[in-house]
Each structure stands twice: as C-alpha cells, then as structure tokens.
>>> print(open('protein_17.pdb').read())   # PDB, C-alpha atoms and all ligand atoms
ATOM      1  CA  MET A   1     102.537 188.344 126.036
ATOM      2  CA  ASN A   2     105.130 185.704 126.826
ATOM      3  CA  LYS A   3     107.161 184.672 123.840
ATOM      4  CA  ILE A   4     109.146 181.737 122.552
ATOM      5  CA  TYR A   5     111.540 182.208 119.670
ATOM      6  CA  VAL A   6     111.765 179.000 117.647
ATOM      7  CA  ILE A   7     115.199 179.390 116.119
ATOM      8  CA  GLY A   8     117.043 177.600 113.351
ATOM      9  CA  ILE A   9     120.692 178.045 114.283
ATOM     10  CA  GLY A  10     122.088 176.918 110.913
ATOM     11  CA  PRO A  11     124.154 173.832 110.178
ATOM     12  CA  GLY A  12     126.881 174.325 112.765
ATOM     13  CA  SER A  13     129.218 177.270 112.772
ATOM     14  CA  TYR A  14     128.334 180.579 114.402
ATOM     15  CA  GLU A  15     129.058 182.389 111.119
ATOM     16  CA  GLN A  16     126.259 180.517 109.366
ATOM     17  CA  MET A  17     123.669 181.581 111.919
ATOM     18  CA  THR A  18     121.545 184.548 110.793
ATOM     19  CA  ILE A  19     122.005 187.884 112.538
ATOM     20  CA  LYS A  20     118.326 187.744 113.484
ATOM     21  CA  ALA A  21     118.825 184.356 115.189
ATOM     22  CA  ALA A  22     121.848 185.625 117.130
ATOM     23  CA  GLU A  23     119.954 188.792 118.181
ATOM     24  CA  ALA A  24     116.980 186.723 119.380
ATOM     25  CA  LEU A  25     119.277 184.417 121.376
ATOM     26  CA  LYS A  26     120.818 187.478 123.033
ATOM     27  CA  LYS A  27     117.334 188.579 124.164
ATOM     28  CA  CYS A  28     116.475 185.213 125.742
ATOM     29  CA  ASP A  29     116.754 184.201 129.388
ATOM     30  CA  VAL A  30     116.727 180.485 128.678
ATOM     31  CA  ILE A  31     117.680 178.335 125.681
ATOM     32  CA  VAL A  32     116.048 174.908 125.224
ATOM     33  CA  GLY A  33     117.267 172.288 122.770
ATOM     34  CA  TYR A  34     118.757 168.925 121.957
ATOM     35  CA  THR A  35     122.049 168.468 123.794
ATOM     36  CA  VAL A  36     124.282 168.426 120.696
ATOM     37  CA  TYR A  37     122.943 171.747 119.288
ATOM     38  CA  VAL A  38     122.914 173.493 122.618
ATOM     39  CA  ASP A  39     126.584 172.591 123.028
ATOM     40  CA  LEU A  40     127.330 174.467 119.795
ATOM     41  CA  LEU A  41     125.885 177.628 121.410
ATOM     42  CA  ARG A  42     127.444 177.523 124.881
ATOM     43  CA  GLU A  43     130.649 179.156 123.687
ATOM     44  CA  TYR A  44     128.795 182.259 122.427
ATOM     45  CA  PHE A  45     125.918 182.525 124.864
ATOM     46  CA  GLY A  46     127.598 181.192 128.016
ATOM     47  CA  GLU A  47     125.679 183.528 130.345
ATOM     48  CA  LYS A  48     122.301 182.018 129.415
ATOM     49  CA  GLU A  49     120.536 179.202 131.170
ATOM     50  CA  PHE A  50     120.454 176.057 129.019
ATOM     51  CA  LEU A  51     117.893 173.262 129.268
ATOM     52  CA  THR A  52     118.433 170.117 127.254
ATOM     53  CA  THR A  53     116.794 166.783 126.566
ATOM     54  CA  PRO A  54     118.286 163.837 124.690
ATOM     55  CA  MET A  55     117.227 162.788 121.193
ATOM     56  CA  ARG A  56     113.684 161.397 120.757
ATOM     57  CA  GLN A  57     112.314 163.450 123.668
ATOM     58  CA  GLU A  58     110.909 166.129 121.399
ATOM     59  CA  VAL A  59     107.528 166.499 123.106
ATOM     60  CA  ARG A  60     109.154 166.903 126.519
ATOM     61  CA  ARG A  61     111.556 169.465 125.055
ATOM     62  CA  CYS A  62     108.663 171.541 123.675
ATOM     63  CA  GLU A  63     106.772 171.363 126.965
ATOM     64  CA  MET A  64     109.880 172.536 128.791
ATOM     65  CA  ALA A  65     110.001 175.595 126.553
ATOM     66  CA  PHE A  66     106.330 176.429 127.197
ATOM     67  CA  GLU A  67     106.773 175.928 130.954
ATOM     68  CA  GLU A  68     109.685 178.383 130.980
ATOM     69  CA  ALA A  69     107.774 180.955 128.911
ATOM     70  CA  ALA A  70     104.750 180.546 131.201
ATOM     71  CA  LYS A  71     107.003 181.633 134.091
ATOM     72  CA  GLY A  72     107.513 184.909 132.214
ATOM     73  CA  ARG A  73     110.973 184.106 130.873
ATOM     74  CA  THR A  74     111.893 184.924 127.285
ATOM     75  CA  THR A  75     112.662 181.525 125.837
ATOM     76  CA  ALA A  76     114.409 180.112 122.775
ATOM     77  CA  MET A  77     113.753 176.670 121.341
ATOM     78  CA  VAL A  78     116.717 175.922 119.093
ATOM     79  CA  CYS A  79     117.046 173.457 116.227
ATOM     80  CA  SER A  80     119.910 172.795 113.862
ATOM     81  CA  GLY A  81     119.489 174.144 110.348
ATOM     82  CA  ASP A  82     115.974 175.493 109.995
ATOM     83  CA  ALA A  83     113.355 174.795 112.665
ATOM     84  CA  GLY A  84     110.645 174.234 110.068
ATOM     85  CA  ILE A  85     112.554 171.595 108.080
ATOM     86  CA  TYR A  86     112.461 168.286 109.963
ATOM     87  CA  GLY A  87     112.651 170.475 113.055
ATOM     88  CA  MET A  88     110.482 171.437 115.992
ATOM     89  CA  ALA A  89     108.439 174.349 114.607
ATOM     90  CA  GLY A  90     105.376 172.254 113.709
ATOM     91  CA  LEU A  91     105.353 170.401 117.023
ATOM     92  CA  MET A  92     105.697 173.721 118.871
ATOM     93  CA  TYR A  93     102.483 174.984 117.223
ATOM     94  CA  GLU A  94     100.680 171.727 118.031
ATOM     95  CA  ILE A  95     101.716 171.722 121.682
ATOM     96  CA  GLY A  96     101.160 175.484 121.792
ATOM     97  CA  GLU A  97      97.413 174.937 121.423
ATOM     98  CA  LYS A  98      97.481 174.192 125.157
ATOM     99  CA  TYR A  99      99.224 177.531 125.849
ATOM    100  CA  PRO A 100      97.117 180.211 124.104
ATOM    101  CA  ASP A 101      98.843 183.032 126.005
ATOM    102  CA  ILE A 102     102.276 182.217 124.646
ATOM    103  CA  GLU A 103     103.293 183.642 121.293
ATOM    104  CA  LEU A 104     105.672 181.842 118.936
ATOM    105  CA  GLU A 105     108.061 183.580 116.565
ATOM    106  CA  ILE A 106     109.836 181.377 114.024
ATOM    107  CA  ILE A 107     113.301 182.518 112.970
ATOM    108  CA  PRO A 108     114.587 180.787 109.831
ATOM    109  CA  GLY A 109     118.013 179.196 109.526
ATOM    110  CA  VAL A 110     120.325 177.788 106.855
ATOM    111  CA  THR A 111     119.096 174.231 106.412
ATOM    112  CA  ALA A 112     121.498 171.339 105.700
ATOM    113  CA  ALA A 113     120.407 171.260 102.030
ATOM    114  CA  ILE A 114     121.569 174.765 101.272
ATOM    115  CA  GLY A 115     124.569 174.621 103.600
ATOM    116  CA  GLY A 116     125.648 171.388 101.887
ATOM    117  CA  ALA A 117     124.833 172.681  98.404
ATOM    118  CA  ALA A 118     127.280 175.536  98.906
ATOM    119  CA  VAL A 119     130.011 173.041  99.832
ATOM    120  CA  LEU A 120     129.331 170.892  96.750
ATOM    121  CA  GLY A 121     129.038 173.803  94.301
ATOM    122  CA  ALA A 122     125.580 174.502  92.877
ATOM    123  CA  PRO A 123     123.627 171.222  92.862
ATOM    124  CA  MET A 124     120.200 172.745  93.561
ATOM    125  CA  SER A 125     120.056 175.365  90.813
ATOM    126  CA  HIS A 126     116.943 173.792  89.338
ATOM    127  CA  ASP A 127     113.740 172.245  90.743
ATOM    128  CA  CYS A 128     114.578 170.155  93.746
ATOM    129  CA  CYS A 129     112.927 168.387  96.640
ATOM    130  CA  LEU A 130     113.850 167.274 100.133
ATOM    131  CA  ILE A 131     113.071 163.762 101.358
ATOM    132  CA  SER A 132     113.933 162.305 104.748
ATOM    133  CA  LEU A 133     114.781 158.601 104.819
ATOM    134  CA  SER A 134     113.855 158.336 108.488
ATOM    135  CA  ASP A 135     110.867 156.078 109.009
ATOM    136  CA  LEU A 136     110.498 156.986 112.685
ATOM    137  CA  LEU A 137     107.676 159.416 111.885
ATOM    138  CA  THR A 138     106.764 158.386 108.308
ATOM    139  CA  PRO A 139     105.937 154.857 107.093
ATOM    140  CA  TRP A 140     108.601 153.476 104.727
ATOM    141  CA  LYS A 141     105.937 152.784 102.071
ATOM    142  CA  LYS A 142     105.190 156.492 101.851
ATOM    143  CA  ILE A 143     108.898 157.352 101.682
ATOM    144  CA  GLU A 144     109.251 154.870  98.807
ATOM    145  CA  LYS A 145     106.335 156.452  96.956
ATOM    146  CA  ARG A 146     107.848 159.917  97.287
ATOM    147  CA  LEU A 147     111.301 158.733  96.210
ATOM    148  CA  LEU A 148     109.858 157.118  93.089
ATOM    149  CA  ALA A 149     107.724 160.141  92.206
ATOM    150  CA  ALA A 150     110.659 162.515  92.665
ATOM    151  CA  ALA A 151     112.952 160.297  90.596
ATOM    152  CA  GLN A 152     110.381 159.967  87.832
ATOM    153  CA  ALA A 153     109.912 163.753  87.713
ATOM    154  CA  ASP A 154     113.716 164.202  87.447
ATOM    155  CA  PHE A 155     113.982 166.457  90.493
ATOM    156  CA  VAL A 156     117.336 167.119  92.092
ATOM    157  CA  ILE A 157     116.774 165.190  95.335
ATOM    158  CA  CYS A 158     118.273 166.028  98.667
ATOM    159  CA  LEU A 159     118.107 163.230 101.245
ATOM    160  CA  TYR A 160     118.048 164.024 104.947
ATOM    161  CA  ASN A 161     118.558 161.330 107.599
ATOM    162  CA  PRO A 162     120.187 159.050 105.011
ATOM    163  CA  SER A 163     121.283 156.472 107.544
ATOM    164  CA  SER A 164     121.374 155.363 111.148
ATOM    165  CA  LYS A 165     122.543 152.239 112.956
ATOM    166  CA  LYS A 166     119.136 150.584 112.589
ATOM    167  CA  ARG A 167     118.669 151.768 109.001
ATOM    168  CA  ALA A 168     122.092 151.013 107.538
ATOM    169  CA  ASP A 169     120.659 149.816 104.196
ATOM    170  CA  TYR A 170     118.105 152.603 103.580
ATOM    171  CA  LEU A 171     120.325 154.628 101.266
ATOM    172  CA  ASP A 172     121.032 151.469  99.275
ATOM    173  CA  LYS A 173     117.270 150.863  98.981
ATOM    174  CA  ALA A 174     116.626 154.502  98.037
ATOM    175  CA  CYS A 175     119.278 154.294  95.283
ATOM    176  CA  ASP A 176     117.591 151.156  93.947
ATOM    177  CA  LEU A 177     114.369 153.132  93.541
ATOM    178  CA  MET A 178     116.241 156.059  91.951
ATOM    179  CA  LEU A 179     117.801 153.699  89.412
ATOM    180  CA  ARG A 180     114.346 152.830  88.055
ATOM    181  CA  TYR A 181     114.190 156.328  86.534
ATOM    182  CA  LYS A 182     117.672 157.873  86.804
ATOM    183  CA  SER A 183     120.830 156.779  85.014
ATOM    184  CA  GLU A 184     123.516 155.054  87.070
ATOM    185  CA  ASP A 185     125.880 157.855  85.987
ATOM    186  CA  THR A 186     123.728 160.563  87.602
ATOM    187  CA  VAL A 187     126.022 162.943  89.478
ATOM    188  CA  CYS A 188     125.544 162.708  93.259
ATOM    189  CA  GLY A 189     127.155 164.310  96.289
ATOM    190  CA  VAL A 190     127.527 163.604  99.993
ATOM    191  CA  VAL A 191     128.389 166.284 102.529
ATOM    192  CA  LYS A 192     129.284 165.343 106.077
ATOM    193  CA  ASN A 193     129.449 167.667 109.096
ATOM    194  CA  ILE A 194     128.441 170.779 107.156
ATOM    195  CA  ALA A 195     129.937 173.869 108.842
ATOM    196  CA  ARG A 196     131.222 171.688 111.682
ATOM    197  CA  GLU A 197     134.564 170.179 112.558
ATOM    198  CA  GLY A 198     135.397 167.437 110.064
ATOM    199  CA  GLU A 199     133.389 168.900 107.179
ATOM    200  CA  ALA A 200     133.944 166.709 104.120
ATOM    201  CA  MET A 201     132.369 166.337 100.702
ATOM    202  CA  GLN A 202     132.410 163.673  98.045
ATOM    203  CA  ILE A 203     131.101 163.690  94.471
ATOM    204  CA  LEU A 204     130.240 160.325  92.951
ATOM    205  CA  SER A 205     127.878 158.543  90.541
ATOM    206  CA  LEU A 206     124.504 157.142  91.608
ATOM    207  CA  LYS A 207     125.948 153.648  91.144
ATOM    208  CA  GLU A 208     128.860 154.478  93.466
ATOM    209  CA  LEU A 209     126.549 156.169  95.961
ATOM    210  CA  GLN A 210     124.572 152.970  96.319
ATOM    211  CA  LYS A 211     127.684 151.200  97.586
ATOM    212  CA  THR A 212     128.770 154.031  99.856
ATOM    213  CA  ALA A 213     128.241 154.020 103.616
ATOM    214  CA  VAL A 214     127.059 157.389 104.950
ATOM    215  CA  ASP A 215     126.254 158.373 108.522
ATOM    216  CA  MET A 216     123.473 160.398 110.117
ATOM    217  CA  PHE A 217     125.595 163.576 110.058
ATOM    218  CA  SER A 218     125.564 163.555 106.260
ATOM    219  CA  THR A 219     123.222 164.988 103.658
ATOM    220  CA  VAL A 220     122.997 163.324 100.256
ATOM    221  CA  PHE A 221     122.356 165.033  96.917
ATOM    222  CA  ILE A 222     121.177 163.216  93.779
ATOM    223  CA  GLY A 223     121.387 165.279  90.618
ATOM    224  CA  ASN A 224     118.930 165.550  87.736
ATOM    225  CA  CYS A 225     119.721 164.381  84.199
ATOM    226  CA  ASP A 226     121.616 167.635  83.458
ATOM    227  CA  THR A 227     123.729 167.768  86.626
ATOM    228  CA  LYS A 228     127.447 167.673  85.835
ATOM    229  CA  VAL A 229     130.875 168.042  87.415
ATOM    230  CA  ILE A 230     132.700 171.307  86.681
ATOM    231  CA  ASP A 231     136.174 171.662  88.138
ATOM    232  CA  GLY A 232     135.434 169.188  90.935
ATOM    233  CA  LYS A 233     132.100 170.783  91.864
ATOM    234  CA  MET A 234     128.557 169.421  91.454
ATOM    235  CA  VAL A 235     126.607 171.771  89.207
ATOM    236  CA  THR A 236     123.003 171.639  88.004
ATOM    237  CA  PRO A 237     122.518 174.062  85.119
ATOM    238  CA  ARG A 238     119.814 176.648  85.666
ATOM    239  CA  GLY A 239     118.021 175.288  82.626
ATOM    240  CA  TYR A 240     118.382 177.995  80.016
ATOM    241  CA  ARG A 241     121.127 178.717  77.550
ATOM    242  CA  TYR A 242     122.912 182.039  77.691
ATOM    243  CA  GLU A 243     123.346 182.184  73.910
ATOM    244  CA  ARG A 244     119.561 182.644  73.588
ATOM    245  CA  ASP A 245     119.731 186.104  75.220
TER     246      ASP A 245
HETATM  247  N1  LIG B   1     116.390 170.964 110.910
HETATM  248  C1  LIG B   1     117.583 170.405 110.269
HETATM  249  C2  LIG B   1     117.378 168.962 109.827
HETATM  250  C3  LIG B   1     117.226 167.959 110.950
HETATM  251  S1  LIG B   1     117.052 166.314 110.362
HETATM  252  C4  LIG B   1     117.983 171.304 109.095
HETATM  253  O1  LIG B   1     117.192 172.161 108.669
HETATM  254  O2  LIG B   1     119.106 171.141 108.587
HETATM  255  C5  LIG B   1     118.710 165.688 110.606
HETATM  256  C6  LIG B   1     119.405 165.461 109.283
HETATM  257  O3  LIG B   1     119.754 166.710 108.713
HETATM  258  C7  LIG B   1     120.719 164.698 109.385
HETATM  259  O4  LIG B   1     120.540 163.296 109.392
HETATM  260  C8  LIG B   1     121.441 165.152 108.137
HETATM  261  O5  LIG B   1     120.954 164.479 106.983
HETATM  262  C9  LIG B   1     120.986 166.608 108.027
HETATM  263  N2  LIG B   1     121.952 167.530 108.680
HETATM  264  C10 LIG B   1     121.647 168.421 109.649
HETATM  265  N3  LIG B   1     122.747 169.140 109.996
HETATM  266  C11 LIG B   1     123.774 168.681 109.211
HETATM  267  C12 LIG B   1     125.157 169.031 109.081
HETATM  268  N4  LIG B   1     125.707 169.999 109.822
HETATM  269  N5  LIG B   1     125.897 168.346 108.183
HETATM  270  C13 LIG B   1     125.345 167.382 107.414
HETATM  271  N6  LIG B   1     124.046 167.022 107.486
HETATM  272  C14 LIG B   1     123.266 167.661 108.371
END
>>> encode(input="protein_17.pdb", output="structure tokens")
Amino acid sequence: MNKIYVIGIGPGSYEQMTIKAAEALKKCDVIVGYTVYVDLLREYFGEKEFLTTPMRQEVRRCEMAFEEAAKGRTTAMVCSGDAGIYGMAGLMYEIGEKYPDIELEIIPGVTAAIGGAAVLGAPMSHDCCLISLSDLLTPWKKIEKRLLAAAQADFVICLYNPSSKKRADYLDKACDLMLRYKSEDTVCGVVKNIAREGEAMQILSLKELQKTAVDMFSTVFIGNCDTKVIDGKMVTPRGYRYERD
C-alpha cells in the first residue's frame, strides 16, 4: 500500500526533530510542505525531491502529497512542530477519504508550546490549554469564549498565532479578556523563533504583555495564579507540597 508519512519536524532545529521523524524522512522519495519548513530540511535531506506551496494553499499541498503517493512514491508531508496541532494531519485524513488506497502514518513532533516552555523554564507544569488567536479558520466569537473559559478555570494558557499584520491588536484583546479573571501581575512569557536563529524569550506581567507587540513567529504563555519567576525562569508549581511526603 502506498504511504504518506505526516511528520511534525519540531520547532526548527534538526536536534529537536525526533529520531523517528528523521528516519521516516530518510525513507521518503519526496517531501511536501510549506516553503519555510521545507527550507529547514534541505540542508539535511538535500538528495530528496521537494515540493512546496506558499502559505494558505493547504488543500493544494495535501493533494500534491496524495498525487505523489498515488504514483507509488513514498511521500512525506511535513509541518513545523507537531502535525496534529494546528497542522495538516486532520486535513490529510479529510482529503484522504478520496484516496482509500493510500495509508497515512502520523509521526509526532515537538510542538511550539513544549519547545517554548523549555526555553522559559517550566511554565506548563500544571493543567494547561492551547488556544490559537487566528480567526482564519475559527470565528473570533468562539475564540473569545474559549479564552474566557480558560481564564476563568485558571489554566496556564499557551497562545499560538498571537499576531499577524491584519490582527495586530488580537493579543491586546485576548489580554483584556484574561484580565476579567486573572490578576494583572500574572506571570507571562513570550518565546520567539524557538529552536531557530534569533531565538529570544521574555518574561513579563499580564499587564505588560498587553502592551507588548509580538509577531507570528512567537508563542505566548500566560501563567496560572501560582506561576512565579525563579531565577529568571517562568515556573508553574506542580501543585503539591514536598513537605507533605
Ligand atoms: N504545528 C505547529 C503550529 C503551527 S501554528 C506546532 O505544533 O508548533 C503557527 C504558530 O505556532 C505560530 O504563529 C507560533 O505561535 C507557533 N510557532 C510555531 N513554530 C514556532 C517557533 N519555532 N517559535 C515560536 N513560535 C512558533
């Protein structure tokens, strides 16, 4: 049976790709993906054929992968981070309904939340949730509802797609909603270019975050009521006290 590996390649550097992902890429004849991510791979898999499409052409990109696999070529569809987290895995299954003879294998990757968490310290050591601020595929009203529910439940919140040129004020709006339930001193973090050139992190209060401009290559972390700064790192306690043991 022809096969497509749907591969999360991690946040950027080769070292943060799983061994399983690298092994699957080695087995492939052709690698399909968004131009920026494919460029991260060329250095290591230069002998492969690469097929790319620009941003927002996700359906075309998936079809390209199925067309290649249908020709009998072992194919990889690559995504940054994990392919199942705001990635292409779901769309691949949906489009795959038209290609019953092609098998999909999903290979997990280090998503931006956990790559970024490691840079900040240990912000996600208690219950947490991921919310994307992009309203391209989700109505803003629904995003608002989820932000409010997560803030009310005191989750650690990790925001993907915190900004873009058209959505410059979305993080500001999200912080406004957070402030209905979270203190303005809540410890927050921003990590830019995780595992890529120019990696940078910043720890700040929720009030400061609201006034901070972030770009689309950043992931934002909003702590819970126990999150604190220890030696310049953002740390959410696990929730129990050691002295009890
Ligand atoms: N599938 C990806 C997410 C794609 S959505 C994953 O699992 O990580 C795109 C958003 O992910 C970006 O706007 C940003 O918020 C976050 N992101 C992805 N890679 C990143 C990186 N290397 N550094 C910082 N943020 C990143």
>>> residues_near_ligand(input="protein_17.pdb", ligand="ligand LIG 1 (chain B)", cutoff="9 Å", atoms="all atoms listed in the file", output="count of residues only")
48
>>> atom_distance(input="protein_17.pdb", atom1="CA of Leu120 in chain A", atom2="CA of Thr236 in chain A")
10.8 Å
>>> closest_residue(input="protein_17.pdb", among="A:Ile95, A:Val187, A:Ile222, A:Val32", to="Cys128 in chain A", atoms="all atoms listed in the file")
A:Ile222
>>> atom_distance(input="protein_17.pdb", atom1="CA of Asp169 in chain A", atom2="CA of Leu137 in chain A")
17.9 Å
>>> residues_around(input="protein_17.pdb", residues="range 55-62 of chain A", least_positions_apart="6", cutoff="7 Å", atoms="all atoms listed in the file", output="VMD selection string")
chain A and resid 33 to 34 92
